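Undergrad: Handing over data.pdb, PDB, C-alpha atoms.
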```pdb
ATOM      1  CA  MET A  16       0.000   0.000   0.000
ATOM      2  CA  SER A  17       1.402   3.409  -0.971
ATOM      3  CA  ALA A  18       2.031   6.191   1.539
ATOM      4  CA  ALA A  19      -0.832   8.220   0.037
ATOM      5  CA  ALA A  20      -3.217   5.241   0.310
ATOM      6  CA  ARG A  21      -2.303   4.793   3.973
ATOM      7  CA  GLY A  22      -2.981   8.488   4.488
ATOM      8  CA  HIS A  23      -6.453   8.116   2.950
ATOM      9  CA  LEU A  24      -7.204   5.090   5.127
ATOM     10  CA  ALA A  25      -6.152   7.028   8.223
ATOM     11  CA  MET A  26      -8.525   9.859   7.342
ATOM     12  CA  LEU A  27     -11.425   7.482   6.669
ATOM     13  CA  LEU A  28     -11.093   6.187  10.222
ATOM     14  CA  PHE A  29     -10.571   9.752  11.460
ATOM     15  CA  SER A  30     -13.908  10.909  10.029
ATOM     16  CA  ALA A  31     -15.836   8.058  11.655
ATOM     17  CA  LEU A  32     -14.263   8.676  15.075
ATOM     18  CA  VAL A  33     -14.734  12.453  14.944
ATOM     19  CA  ALA A  34     -18.426  12.049  14.153
ATOM     20  CA  GLY A  35     -19.016  10.420  17.522
ATOM     21  CA  SER A  36     -17.917  13.641  19.248
ATOM     22  CA  PHE A  37     -20.837  15.547  17.727
ATOM     23  CA  SER A  38     -23.509  13.041  18.672
ATOM     24  CA  LEU A  39     -22.217  12.545  22.214
ATOM     25  CA  GLY A  40     -21.275  16.216  22.596
ATOM     26  CA  VAL A  41     -24.830  17.400  21.997
ATOM     27  CA  LEU A  42     -26.028  15.129  24.819
ATOM     28  CA  MET A  43     -23.591  16.525  27.411
ATOM     29  CA  ALA A  44     -22.634  20.031  26.249
ATOM     30  CA  ASN A  45     -24.854  21.803  28.779
ATOM     31  CA  ALA A  46     -23.746  19.660  31.719
ATOM     32  CA  ILE A  47     -20.163  20.964  32.065
ATOM     33  CA  SER A  48     -18.053  23.974  31.121
ATOM     34  CA  PRO A  49     -16.471  23.460  27.668
ATOM     35  CA  VAL A  50     -13.100  24.645  29.026
ATOM     36  CA  ALA A  51     -13.174  22.250  31.993
ATOM     37  CA  PHE A  52     -14.229  19.399  29.725
ATOM     38  CA  THR A  53     -11.483  20.149  27.203
ATOM     39  CA  ALA A  54      -8.817  20.364  29.916
ATOM     40  CA  LEU A  55      -9.790  16.930  31.238
ATOM     41  CA  ARG A  56      -9.839  15.294  27.802
ATOM     42  CA  PHE A  57      -6.416  16.772  26.996
ATOM     43  CA  ILE A  58      -4.981  15.417  30.253
ATOM     44  CA  LEU A  59      -6.300  11.931  29.546
ATOM     45  CA  ALA A  60      -5.299  12.020  25.874
ATOM     46  CA  ALA A  61      -1.772  13.208  26.758
ATOM     47  CA  ALA A  62      -1.407  10.347  29.252
ATOM     48  CA  ILE A  63      -2.544   7.811  26.631
ATOM     49  CA  ILE A  64      -0.310   9.169  23.865
ATOM     50  CA  GLY A  65       2.619   9.569  26.266
ATOM     51  CA  GLY A  66       2.321   5.902  27.216
ATOM     52  CA  ALA A  67       2.106   4.931  23.541
ATOM     53  CA  ALA A  68       5.215   6.989  22.768
ATOM     54  CA  GLN A  69       7.185   5.329  25.561
ATOM     55  CA  ALA A  70       6.104   1.903  24.339
ATOM     56  CA  THR A  71       7.143   2.613  20.753
ATOM     57  CA  GLY A  72      10.633   4.025  21.113
ATOM     58  CA  GLY A  73      10.335   6.670  23.791
ATOM     59  CA  LEU A  74      10.468  10.439  23.583
ATOM     60  CA  PRO A  75      13.765  11.530  22.005
ATOM     61  CA  ARG A  76      15.243  14.698  23.477
ATOM     62  CA  GLY A  77      15.554  16.243  20.031
ATOM     63  CA  ALA A  78      11.774  16.070  19.576
ATOM     64  CA  PHE A  79      11.334  18.976  21.965
ATOM     65  CA  ARG A  80      13.491  21.442  20.106
ATOM     66  CA  SER A  81      11.674  24.734  19.681
ATOM     67  CA  PRO A  82       8.847  23.967  22.135
ATOM     68  CA  TRP A  83       7.006  27.056  20.906
ATOM     69  CA  ARG A  84       5.800  24.874  18.024
ATOM     70  CA  TYR A  85       3.801  22.713  20.417
ATOM     71  CA  ALA A  86       2.506  25.780  22.247
ATOM     72  CA  VAL A  87       1.141  27.217  18.992
ATOM     73  CA  LEU A  88      -0.487  23.961  17.882
ATOM     74  CA  GLY A  89      -1.777  23.138  21.369
ATOM     75  CA  THR A  90      -3.398  26.552  21.762
ATOM     76  CA  ILE A  91      -5.073  26.323  18.345
ATOM     77  CA  SER A  92      -6.322  22.803  19.016
ATOM     78  CA  ALA A  93      -7.618  23.690  22.487
ATOM     79  CA  GLY A  94      -9.453  26.691  21.050
ATOM     80  CA  TYR A  95     -11.104  24.480  18.475
ATOM     81  CA  PHE A  96     -12.461  22.027  21.034
ATOM     82  CA  VAL A  97     -13.649  24.688  23.480
ATOM     83  CA  LEU A  98     -15.555  26.458  20.699
ATOM     84  CA  MET A  99     -16.919  23.141  19.428
ATOM     85  CA  PHE A 100     -18.537  22.187  22.732
ATOM     86  CA  GLU A 101     -19.695  25.748  23.331
ATOM     87  CA  GLY A 102     -21.435  25.620  19.945
ATOM     88  CA  LEU A 103     -22.957  22.209  20.616
ATOM     89  CA  LYS A 104     -24.933  23.702  23.512
ATOM     90  CA  THR A 105     -27.425  24.959  20.928
ATOM     91  CA  ALA A 106     -26.439  23.574  17.507
ATOM     92  CA  PRO A 107     -27.891  20.186  16.400
ATOM     93  CA  ALA A 108     -25.274  17.487  15.817
ATOM     94  CA  VAL A 109     -25.863  17.206  12.055
ATOM     95  CA  SER A 110     -25.740  20.995  11.589
ATOM     96  CA  ALA A 111     -22.507  21.223  13.557
ATOM     97  CA  ALA A 112     -21.055  18.406  11.459
ATOM     98  CA  ALA A 113     -22.046  20.371   8.354
ATOM     99  CA  VAL A 114     -20.181  23.418   9.688
ATOM    100  CA  PHE A 115     -17.175  21.124  10.107
ATOM    101  CA  THR A 116     -17.324  20.328   6.394
ATOM    102  CA  LEU A 117     -16.490  23.959   5.625
ATOM    103  CA  THR A 118     -13.013  23.233   6.981
ATOM    104  CA  PRO A 119     -11.547  21.903   3.685
ATOM    105  CA  ILE A 120     -12.182  25.099   1.753
ATOM    106  CA  LEU A 121     -10.713  27.104   4.626
ATOM    107  CA  SER A 122      -7.769  24.733   4.883
ATOM    108  CA  ALA A 123      -7.095  25.014   1.159
ATOM    109  CA  GLY A 124      -6.762  28.765   1.625
ATOM    110  CA  PHE A 125      -4.422  28.429   4.583
ATOM    111  CA  GLY A 126      -2.515  25.686   2.744
ATOM    112  CA  TRP A 127      -1.774  28.201  -0.012
ATOM    113  CA  LEU A 128      -0.812  30.946   2.446
ATOM    114  CA  LEU A 129       1.485  28.779   4.559
ATOM    115  CA  LEU A 130       2.733  26.099   2.152
ATOM    116  CA  ARG A 131       1.883  27.499  -1.295
ATOM    117  CA  GLN A 132      -0.192  24.396  -2.005
ATOM    118  CA  VAL A 133      -2.320  25.161  -5.072
ATOM    119  CA  ALA A 134      -5.708  23.488  -5.565
ATOM    120  CA  THR A 135      -6.357  21.964  -9.005
ATOM    121  CA  PRO A 136      -9.606  22.847 -10.836
ATOM    122  CA  ARG A 137     -11.085  19.474  -9.793
ATOM    123  CA  ILE A 138     -10.275  20.111  -6.129
ATOM    124  CA  ALA A 139     -11.679  23.642  -6.357
ATOM    125  CA  LEU A 140     -14.917  22.262  -7.843
ATOM    126  CA  ALA A 141     -15.148  19.611  -5.135
ATOM    127  CA  LEU A 142     -14.614  22.195  -2.391
ATOM    128  CA  ALA A 143     -17.352  24.388  -3.868
ATOM    129  CA  ILE A 144     -19.810  21.466  -4.060
ATOM    130  CA  GLY A 145     -18.977  20.426  -0.514
ATOM    131  CA  ALA A 146     -19.438  23.968   0.786
ATOM    132  CA  ALA A 147     -22.827  24.214  -0.980
ATOM    133  CA  GLY A 148     -23.947  20.948   0.615
ATOM    134  CA  ALA A 149     -22.754  22.123   4.026
ATOM    135  CA  LEU A 150     -24.671  25.404   3.767
ATOM    136  CA  TRP A 151     -27.824  23.523   2.726
ATOM    137  CA  VAL A 152     -27.615  21.432   5.896
ATOM    138  CA  ILE A 153     -26.629  24.365   8.143
ATOM    139  CA  PHE A 154     -29.687  26.334   7.005
ATOM    140  CA  ARG A 155     -31.855  23.211   7.388
ATOM    141  CA  ALA A 156     -32.865  23.041   3.698
ATOM    142  CA  ASP A 157     -34.796  26.307   4.070
ATOM    143  CA  TRP A 158     -34.267  28.819   1.223
ATOM    144  CA  GLN A 159     -35.763  31.664   3.254
ATOM    145  CA  THR A 160     -33.361  31.062   6.119
ATOM    146  CA  LEU A 161     -30.474  30.794   3.656
ATOM    147  CA  LEU A 162     -31.374  34.059   1.898
ATOM    148  CA  ARG A 163     -31.640  35.836   5.268
ATOM    149  CA  PHE A 164     -28.348  34.180   6.237
ATOM    150  CA  ASP A 165     -29.983  33.357   9.551
ATOM    151  CA  VAL A 166     -27.184  31.380  11.137
ATOM    152  CA  GLY A 167     -27.785  29.763  14.514
ATOM    153  CA  GLY A 168     -25.676  31.016  17.413
ATOM    154  CA  GLY A 169     -24.160  27.606  18.059
ATOM    155  CA  GLU A 170     -23.204  27.153  14.424
ATOM    156  CA  ALA A 171     -21.545  30.604  14.364
ATOM    157  CA  ILE A 172     -19.490  29.828  17.471
ATOM    158  CA  TYR A 173     -18.399  26.491  16.076
ATOM    159  CA  PHE A 174     -17.456  28.062  12.739
ATOM    160  CA  ALA A 175     -14.861  30.154  14.583
ATOM    161  CA  GLY A 176     -13.457  26.888  15.941
ATOM    162  CA  CYS A 177     -13.357  25.404  12.449
ATOM    163  CA  VAL A 178     -11.230  28.328  11.268
ATOM    164  CA  ALA A 179      -8.723  27.336  13.956
ATOM    165  CA  HIS A 180      -8.880  23.705  12.835
ATOM    166  CA  ALA A 181      -8.254  24.745   9.230
ATOM    167  CA  VAL A 182      -5.098  26.626  10.269
ATOM    168  CA  TYR A 183      -3.911  23.666  12.328
ATOM    169  CA  THR A 184      -3.651  21.221   9.417
ATOM    170  CA  PRO A 185      -1.074  23.052   7.254
ATOM    171  CA  LEU A 186       0.771  24.232  10.370
ATOM    172  CA  VAL A 187       1.477  20.603  11.318
ATOM    173  CA  ARG A 188       3.384  20.078   8.094
ATOM    174  CA  LYS A 189       5.124  23.450   8.358
ATOM    175  CA  LEU A 190       6.246  22.992  11.979
ATOM    176  CA  ASN A 191       7.040  19.266  12.023
ATOM    177  CA  ARG A 192      10.806  18.633  11.900
ATOM    178  CA  GLY A 193      10.827  14.913  11.389
ATOM    179  CA  GLU A 194       9.158  13.910  14.657
ATOM    180  CA  SER A 195       6.934  10.835  14.535
ATOM    181  CA  PRO A 196       3.157  11.425  14.641
ATOM    182  CA  VAL A 197       2.913   9.954  18.164
ATOM    183  CA  VAL A 198       5.735  12.080  19.598
ATOM    184  CA  PHE A 199       4.562  15.231  17.846
ATOM    185  CA  THR A 200       0.994  14.653  19.024
ATOM    186  CA  PHE A 201       2.183  14.163  22.599
ATOM    187  CA  GLY A 202       3.982  17.511  22.559
ATOM    188  CA  MET A 203       0.894  19.238  21.220
ATOM    189  CA  LEU A 204      -1.401  17.582  23.776
ATOM    190  CA  VAL A 205       0.824  18.535  26.718
ATOM    191  CA  ALA A 206       0.875  22.134  25.507
ATOM    192  CA  GLY A 207      -2.894  22.117  24.953
ATOM    193  CA  CYS A 208      -3.414  20.681  28.429
ATOM    194  CA  MET A 209      -1.338  23.469  29.986
ATOM    195  CA  VAL A 210      -3.157  26.176  28.039
ATOM    196  CA  THR A 211      -6.658  24.943  28.879
ATOM    197  CA  THR A 212      -5.783  24.347  32.538
ATOM    198  CA  LEU A 213      -4.340  27.831  33.004
ATOM    199  CA  TYR A 214      -7.103  29.543  31.046
ATOM    200  CA  GLY A 215      -9.933  27.528  32.551
ATOM    201  CA  TRP A 216      -8.709  27.112  36.129
ATOM    202  CA  GLY A 217     -11.702  29.014  37.486
ATOM    203  CA  ALA A 218     -14.168  26.825  35.575
ATOM    204  CA  ILE A 219     -12.285  23.668  36.577
ATOM    205  CA  ARG A 220     -12.450  24.586  40.272
ATOM    206  CA  ALA A 221     -16.123  25.553  40.012
ATOM    207  CA  THR A 222     -17.126  22.198  38.466
ATOM    208  CA  ASP A 223     -18.793  19.728  40.815
ATOM    209  CA  TRP A 224     -17.054  16.694  39.322
ATOM    210  CA  ALA A 225     -18.775  14.189  41.608
ATOM    211  CA  ALA A 226     -22.244  15.362  40.524
ATOM    212  CA  LEU A 227     -21.692  15.188  36.776
ATOM    213  CA  PRO A 228     -24.122  12.909  34.880
ATOM    214  CA  ARG A 229     -22.838   9.647  33.414
ATOM    215  CA  ILE A 230     -23.053  10.917  29.823
ATOM    216  CA  VAL A 231     -20.274  13.415  30.602
ATOM    217  CA  TRP A 232     -17.894  10.656  31.695
ATOM    218  CA  ILE A 233     -18.837   8.506  28.703
ATOM    219  CA  THR A 234     -18.099  11.439  26.406
ATOM    220  CA  VAL A 235     -14.841  12.228  28.228
ATOM    221  CA  ALA A 236     -13.677   8.648  27.802
ATOM    222  CA  TYR A 237     -14.686   8.514  24.135
ATOM    223  CA  THR A 238     -13.220  11.870  23.193
ATOM    224  CA  ALA A 239      -9.980  11.312  25.107
ATOM    225  CA  VAL A 240      -9.277   7.873  23.647
ATOM    226  CA  PHE A 241     -10.875   7.983  20.200
ATOM    227  CA  ALA A 242     -11.637  11.607  19.324
ATOM    228  CA  SER A 243      -8.421  13.074  20.774
ATOM    229  CA  ALA A 244      -5.559  10.605  21.098
ATOM    230  CA  ALA A 245      -6.406   8.395  18.125
ATOM    231  CA  THR A 246      -7.625  11.132  15.780
ATOM    232  CA  PHE A 247      -4.665  13.399  16.492
ATOM    233  CA  VAL A 248      -2.264  10.617  15.535
ATOM    234  CA  LEU A 249      -4.319   9.801  12.428
ATOM    235  CA  LEU A 250      -4.423  13.475  11.435
ATOM    236  CA  GLN A 251      -0.679  13.950  11.955
ATOM    237  CA  TYR A 252       0.014  10.738  10.010
ATOM    238  CA  ALA A 253      -2.163  11.734   7.055
ATOM    239  CA  THR A 254      -1.004  15.362   7.010
ATOM    240  CA  LEU A 255       2.573  14.244   6.378
ATOM    241  CA  ARG A 256       1.441  12.163   3.358
ATOM    242  CA  LEU A 257      -1.368  14.161   1.732
ATOM    243  CA  PRO A 258      -1.994  17.812   0.757
ATOM    244  CA  SER A 259      -3.882  19.837   3.368
ATOM    245  CA  ALA A 260      -7.020  20.178   1.229
ATOM    246  CA  LYS A 261      -7.260  16.400   0.795
ATOM    247  CA  VAL A 262      -6.643  15.675   4.460
ATOM    248  CA  THR A 263      -9.518  17.890   5.517
ATOM    249  CA  ALA A 264     -11.652  16.637   2.600
ATOM    250  CA  TYR A 265     -12.560  13.637   4.724
ATOM    251  CA  THR A 266     -14.553  15.967   6.949
ATOM    252  CA  TYR A 267     -17.159  15.764   4.155
ATOM    253  CA  LEU A 268     -18.012  12.303   5.433
ATOM    254  CA  THR A 269     -18.700  13.588   8.950
ATOM    255  CA  PRO A 270     -22.407  14.476   8.486
ATOM    256  CA  SER A 271     -23.057  10.989   7.076
ATOM    257  CA  TRP A 272     -21.284   9.359   9.990
ATOM    258  CA  VAL A 273     -23.155  11.624  12.447
ATOM    259  CA  ILE A 274     -26.502  10.536  11.015
ATOM    260  CA  LEU A 275     -25.518   6.908  11.589
ATOM    261  CA  TRP A 276     -24.388   7.776  15.124
ATOM    262  CA  GLN A 277     -27.680   9.580  15.780
ATOM    263  CA  ILE A 278     -29.713   6.606  14.607
ATOM    264  CA  ALA A 279     -27.571   4.230  16.693
ATOM    265  CA  LEU A 280     -28.183   6.423  19.763
ATOM    266  CA  GLY A 281     -31.936   6.355  19.176
ATOM    267  CA  GLN A 282     -32.268   9.834  17.663
ATOM    268  CA  PRO A 283     -34.452  10.507  14.582
ATOM    269  CA  ALA A 284     -32.859  10.864  11.157
ATOM    270  CA  PRO A 285     -32.894  14.381   9.615
ATOM    271  CA  PRO A 286     -35.513  15.323   6.976
ATOM    272  CA  VAL A 287     -35.035  14.072   3.420
ATOM    273  CA  LEU A 288     -34.341  17.589   2.080
ATOM    274  CA  VAL A 289     -31.486  17.983   4.546
ATOM    275  CA  LEU A 290     -30.069  14.661   3.398
ATOM    276  CA  ALA A 291     -29.650  16.176  -0.070
ATOM    277  CA  GLY A 292     -26.999  18.465   1.352
ATOM    278  CA  VAL A 293     -25.274  15.514   2.988
ATOM    279  CA  CYS A 294     -25.183  13.777  -0.399
ATOM    280  CA  LEU A 295     -23.490  16.832  -1.924
ATOM    281  CA  THR A 296     -20.748  16.665   0.695
ATOM    282  CA  ALA A 297     -20.239  12.981  -0.120
ATOM    283  CA  LEU A 298     -20.016  13.843  -3.833
ATOM    284  CA  ALA A 299     -17.317  16.385  -3.008
ATOM    285  CA  LEU A 300     -15.249  13.664  -1.338
ATOM    286  CA  VAL A 301     -15.616  11.386  -4.387
ATOM    287  CA  LEU A 302     -14.336  14.161  -6.653
ATOM    288  CA  LEU A 303     -11.368  14.794  -4.381
ATOM    289  CA  LEU A 304     -10.396  11.135  -4.278
ATOM    290  CA  LYS A 305     -10.810  10.788  -8.043
ATOM    291  CA  ASP A 306      -8.216  13.509  -8.432
ATOM    292  CA  ASP A 307      -5.639  11.076  -7.076
ATOM    293  CA  GLY A 308      -5.955   9.169 -10.236
TER     294      GLY A 308
END
```
Represent the structure contained in this file as structure tokens.
TA:
Amino acid sequence: MSAAARGHLAMLLFSALVAGSFSLGVLMANAISPVAFTALRFILAAAIIGGAAQATGGLPRGAFRSPWRYAVLGTISAGYFVLMFEGLKTAPAVSAAAVFTLTPILSAGFGWLLLRQVATPRIALALAIGAAGALWVIFRADWQTLLRFDVGGGEAIYFAGCVAHAVYTPLVRKLNRGESPVVFTFGMLVAGCMVTTLYGWGAIRATDWAALPRIVWITVAYTAVFASAATFVLLQYATLRLPSAKVTAYTYLTPSWVILWQIALGQPAPPVLVLAGVCLTALALVLLLKDDG
């Protein structure tokens, strides 16, 4: 299997794991401060990835040259997750997942600014189709709402987080100096943990941890193991093998995965008209993959 094919496989798994965060996040977003939640998930994810790094060759001293790199990436990543769970307090899971699918077109722009990666006409077309599908879902298949550009508050907050996520992807390639995905992810998670703990210390102290409902702990466990530790490694792995626009293209699968998660959790499927937008995002992914030849 080629390096590019392994990168695509990593992102396929990434999209399925990320989708679970939306479905579970909606169920617990109002039960705990987003900053306190993010700090805890970063602590757990850092412990998991740190153990994995030690078991697979350790943490070479040279990996921590220029620690400012980890501080930058950790701060951006922490900001993304805090804004995500703040947005999920009011945004439906499928709508939030649709906002997430705007990341590729943003990432393509940042990829050009930071790495001078140029999108081909096919990629540009795919990004446009995906963005159209995302907007159709975000505005709930309602032309009047779309024309008024009546964006929900939760979706607007999460969009700010997606801008941070779009910057993160090309920055990984720009700032990585040969470190393995596991080691590089560990550095980022430690930095993100420090940032969220310092920034959110008041919220962390004010949280009644013993009184939190079970769904919070289920979501913490899932996001720390699967939607933080595992997805960060998968994202780092794929970013070093694929262009930024194609890495984030797999976010187009997220709404489809979220619908499956919602059904599995006993939630109703979205209306048929909304599903048309989801199909457009899937078409965008097909076009992007076809570009590989």
Undergrad: With distances taken over all atoms listed in the file, which residue among A:Val240, A:Ala25, A:Leu295, A:Ala141 lies nearest Ala123 (chain A)?
TA: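 Checking each of A:Val240, A:Ala25, A:Leu295, A:Ala141 against Ala123 (chain A), counting all atoms listed in the file, the winner is A:Ala141.
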Undergrad: A:Pro136, A:Gly207, A:Gly169, A:Pro49: which is nearest Ala111 (chain A), counting all atoms listed in the file?
TA: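 Checking each of A:Pro136, A:Gly207, A:Gly169, A:Pro49 against Ala111 (chain A), counting all atoms listed in the file, the winner is A:Gly169.
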Undergrad: With a cut-off of 10 Å, could you pull out the residues of region 203-283 of chain A touching region 191-196 of chain A and give me the nearest pair of atoms for each, distance in Å to one decimal, using only C-alpha atoms, ordered by chain and ascending number, as a tab-separated table?
TA:
```
residue	atom	partner	partner_atom	distance
A:Phe247	CA	A:Pro196	CA	8.3
A:Val248	CA	A:Pro196	CA	5.6
A:Leu249	CA	A:Pro196	CA	8.0
A:Leu250	CA	A:Pro196	CA	8.5
A:Gln251	CA	A:Pro196	CA	5.3
A:Tyr252	CA	A:Pro196	CA	5.6
A:Ala253	CA	A:Pro196	CA	9.3
A:Thr254	CA	A:Pro196	CA	9.5
A:Leu255	CA	A:Pro196	CA	8.8
```
Undergrad: Find the residue from A:Leu190, A:Ala139, A:Ala108, A:Ala146 that sits nearest to Phe37 (chain A); use all atoms listed in the file when measuring.
TA: A:Ala108
Undergrad: Leaving out Met99 (chain A) and any residue of its chain fewer than 2 positions from it, which residues lie within 8 Å of it when counting only C-alpha atoms, given as a list of chain:residue names?
TA: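 Counting only the stated atoms, we get A:Tyr95, A:Phe96, A:Val97, A:Glu101, A:Gly102, A:Leu103, A:Ile172, A:Tyr173, A:Gly176.
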Undergrad: Using only C-alpha atoms, which of A:Val182, A:Ile64, A:Ala113, A:Leu24 sits nearest Val205 (chain A)?
TA: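 The answer is A:Ile64, which sits nearest to Val205 (chain A).
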Undergrad: Mind writing region 165-192 of chain A to a file for me, with N, CA and C atoms, as an mmCIF file, in the first residue's frame?
TA:
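What ended up in selection.cif:
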```cif
data_model
loop_
_atom_site.group_PDB
_atom_site.id
_atom_site.type_symbol
_atom_site.label_atom_id
_atom_site.label_comp_id
_atom_site.auth_asym_id
_atom_site.auth_seq_id
_atom_site.Cartn_x
_atom_site.Cartn_y
_atom_site.Cartn_z
ATOM 1 N N ASP A 165 -29.612 33.468 8.142
ATOM 2 C CA ASP A 165 -29.983 33.357 9.551
ATOM 3 C C ASP A 165 -29.238 32.173 10.171
ATOM 4 N N VAL A 166 -28.027 32.432 10.576
ATOM 5 C CA VAL A 166 -27.184 31.380 11.137
ATOM 6 C C VAL A 166 -27.468 31.233 12.636
ATOM 7 N N GLY A 167 -27.591 29.990 13.088
ATOM 8 C CA GLY A 167 -27.785 29.763 14.514
ATOM 9 C C GLY A 167 -26.562 30.178 15.318
ATOM 10 N N GLY A 168 -26.785 30.571 16.570
ATOM 11 C CA GLY A 168 -25.676 31.016 17.413
ATOM 12 C C GLY A 168 -24.629 29.936 17.628
ATOM 13 N N GLY A 169 -25.091 28.714 17.836
ATOM 14 C CA GLY A 169 -24.160 27.606 18.059
ATOM 15 C C GLY A 169 -23.312 27.321 16.833
ATOM 16 N N GLU A 170 -23.945 27.378 15.660
ATOM 17 C CA GLU A 170 -23.204 27.153 14.424
ATOM 18 C C GLU A 170 -22.150 28.244 14.207
ATOM 19 N N ALA A 171 -22.496 29.498 14.539
ATOM 20 C CA ALA A 171 -21.545 30.604 14.364
ATOM 21 C C ALA A 171 -20.338 30.443 15.281
ATOM 22 N N ILE A 172 -20.594 30.043 16.526
ATOM 23 C CA ILE A 172 -19.490 29.828 17.471
ATOM 24 C C ILE A 172 -18.587 28.709 16.979
ATOM 25 N N TYR A 173 -19.200 27.629 16.526
ATOM 26 C CA TYR A 173 -18.399 26.491 16.076
ATOM 27 C C TYR A 173 -17.618 26.811 14.806
ATOM 28 N N PHE A 174 -18.180 27.674 13.950
ATOM 29 C CA PHE A 174 -17.456 28.062 12.739
ATOM 30 C C PHE A 174 -16.125 28.721 13.091
ATOM 31 N N ALA A 175 -16.119 29.540 14.140
ATOM 32 C CA ALA A 175 -14.861 30.154 14.583
ATOM 33 C C ALA A 175 -13.847 29.072 14.966
ATOM 34 N N GLY A 176 -14.343 28.000 15.606
ATOM 35 C CA GLY A 176 -13.457 26.888 15.941
ATOM 36 C C GLY A 176 -12.938 26.185 14.697
ATOM 37 N N CYS A 177 -13.776 26.075 13.680
ATOM 38 C CA CYS A 177 -13.357 25.404 12.449
ATOM 39 C C CYS A 177 -12.282 26.198 11.714
ATOM 40 N N VAL A 178 -12.303 27.516 11.844
ATOM 41 C CA VAL A 178 -11.230 28.328 11.268
ATOM 42 C C VAL A 178 -9.904 27.941 11.930
ATOM 43 N N ALA A 179 -9.934 27.761 13.250
ATOM 44 C CA ALA A 179 -8.723 27.336 13.956
ATOM 45 C C ALA A 179 -8.274 25.958 13.478
ATOM 46 N N HIS A 180 -9.219 25.051 13.299
ATOM 47 C CA HIS A 180 -8.880 23.705 12.835
ATOM 48 C C HIS A 180 -8.267 23.740 11.442
ATOM 49 N N ALA A 181 -8.767 24.631 10.592
ATOM 50 C CA ALA A 181 -8.254 24.745 9.230
ATOM 51 C C ALA A 181 -6.810 25.259 9.216
ATOM 52 N N VAL A 182 -6.476 26.140 10.158
ATOM 53 C CA VAL A 182 -5.098 26.626 10.269
ATOM 54 C C VAL A 182 -4.183 25.522 10.774
ATOM 55 N N TYR A 183 -4.712 24.706 11.677
ATOM 56 C CA TYR A 183 -3.911 23.666 12.328
ATOM 57 C C TYR A 183 -3.310 22.682 11.325
ATOM 58 N N THR A 184 -4.097 22.275 10.333
ATOM 59 C CA THR A 184 -3.651 21.221 9.417
ATOM 60 C C THR A 184 -2.380 21.587 8.650
ATOM 61 N N PRO A 185 -2.332 22.724 7.936
ATOM 62 C CA PRO A 185 -1.074 23.052 7.254
ATOM 63 C C PRO A 185 0.058 23.398 8.213
ATOM 64 N N LEU A 186 -0.278 23.901 9.407
ATOM 65 C CA LEU A 186 0.771 24.232 10.370
ATOM 66 C C LEU A 186 1.520 22.985 10.839
ATOM 67 N N VAL A 187 0.813 21.844 10.916
ATOM 68 C CA VAL A 187 1.477 20.603 11.318
ATOM 69 C C VAL A 187 2.624 20.296 10.363
ATOM 70 N N ARG A 188 2.333 20.373 9.074
ATOM 71 C CA ARG A 188 3.384 20.078 8.094
ATOM 72 C C ARG A 188 4.495 21.126 8.146
ATOM 73 N N LYS A 189 4.132 22.380 8.355
ATOM 74 C CA LYS A 189 5.124 23.450 8.358
ATOM 75 C C LYS A 189 6.040 23.365 9.582
ATOM 76 N N LEU A 190 5.483 22.967 10.730
ATOM 77 C CA LEU A 190 6.246 22.992 11.979
ATOM 78 C C LEU A 190 6.893 21.653 12.331
ATOM 79 N N ASN A 191 6.434 20.562 11.726
ATOM 80 C CA ASN A 191 7.040 19.266 12.023
ATOM 81 C C ASN A 191 8.463 19.200 11.473
ATOM 82 N N ARG A 192 9.400 18.709 12.297
ATOM 83 C CA ARG A 192 10.806 18.633 11.900
ATOM 84 C C ARG A 192 11.311 17.189 11.923
#
```
